[in-house]
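Colleague: I'd like to ask you about the structure that follows.
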Amino acid sequence: MARAALTDDQIHQFRARAVEVATELFAERGYDAVTMRGLATALGCSPMTPYRYFENRDELYAMVRAEAFRRFADRQQAAFEEPGTSTERLLRLKRAYVEFALDEPNAYRIMFQLSQAPAGTYPELAAQGARGFEYLHRAVAQAIEDGVVGGDPLSVAHLLWANTHGLVSLHLAGKLAMGRSLDELAAITLELR
């Protein structure tokens, strides 16, 4: 007897639950230690069930990362859209970045520290990753236009991103212990002129 076709709602619900569970598994065990069979066990379903919803572990992992980047980008967008000066906007974006990493350290680790698929392999992942950076890039361009900072907008945005990423990564690893807290350092805007 043929298996009944899944509805869009059933597919969405299972995939969302699988992404939630897989996020925890990938964060706890790393990419190489997570299998589709292990996901099935954690979900309480048969070993083949995840294959009805995902082609393979790489697709599942890409969805986990895309969902994390979507939540991150949503926070960046909210910080970007609040009114204020260019400097205030840059500081809000930095604070939103830090708060996301502290609120969702597993998602943050998966986004930036575990294995990555080659660029362009998963379009939704690429789109959400780009969206996460877009608001900083736009804020830097506005800050340059306002005379707050100088330089090439894309280069300055990368430097600010790397600065914040470094602070967060050091903090999450317990290595930010040289006399300044994450909060103190996150409140500083680099002088780039």
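So you can find residues: chains in the structure tokens are A, B, ... in the order shown, residues in each start at 1, and ligands are numbered from 1 in order.
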Find the residues near A:Ala73: any atom within 6 Å, counting only C-alpha atoms, skip ones fewer than 4 places away on the same chain, and give them as a VMD selection string.
Modeller: chain A and resid 69 77 131 to 132
Colleague: Determine, counting only C-alpha atoms, which protein, DNA and RNA residues have an atom within 12 Å of an atom of A:Pro123; residues of the same chain fewer than 3 positions away are not included. Present the result as a list in words.
Modeller: Glu59, Ala62, Met63, Arg65, Ala66, Ala117, Pro118, Ala119, Gly120, Ala126, Ala127, Gln128, Gly129 and Ala130 of chain A
Colleague: In chain A, what's helix (DSSP H, G or I) per DSSP? Answer as a count of residues only?
Modeller: 136
Colleague: Quick one: of A:Leu90, A:Ala42, A:Pro105, A:Glu55, who's nearest to A:Val149, counting only C-alpha atoms?
Modeller: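 Among the listed residues, A:Leu90 lies closest to A:Val149.
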Colleague: Considering only C-alpha atoms, tabulate each residue of stretch 19-94 of chain A that lies at most 7 Å from stretch 133-142 of chain A along with its nearest interatomic pair and the corresponding distance in Å to one decimal; arrange the rows by chain and ascending residue number and present them as a Markdown table.
Modeller:
```
| residue | atom | partner | partner_atom | distance |
| --- | --- | --- | --- | --- |
| A:Gln76 | CA | A:Tyr135 | CA | 6.4 |
| A:Gln77 | CA | A:Tyr135 | CA | 6.3 |
| A:Phe80 | CA | A:Tyr135 | CA | 6.3 |
| A:Ser86 | CA | A:Gln142 | CA | 6.7 |
| A:Arg89 | CA | A:Ala139 | CA | 6.8 |
| A:Leu90 | CA | A:Ala139 | CA | 6.5 |
| A:Leu93 | CA | A:Leu136 | CA | 6.9 |
```
Colleague: For the atom pair atom CA of A:Arg52 and atom CA of A:Ala68, what is the interatomic distance in Å to one decimal place?
Modeller: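 So the two atoms, atom CA of A:Arg52 and atom CA of A:Ala68, lie 22.5 Å apart.
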Colleague: Considering only C-alpha atoms, can you say which of A:Gly30, A:Glu88, A:Ile11, A:Ala96 comes closest to A:Pro50?
Modeller: A:Ile11
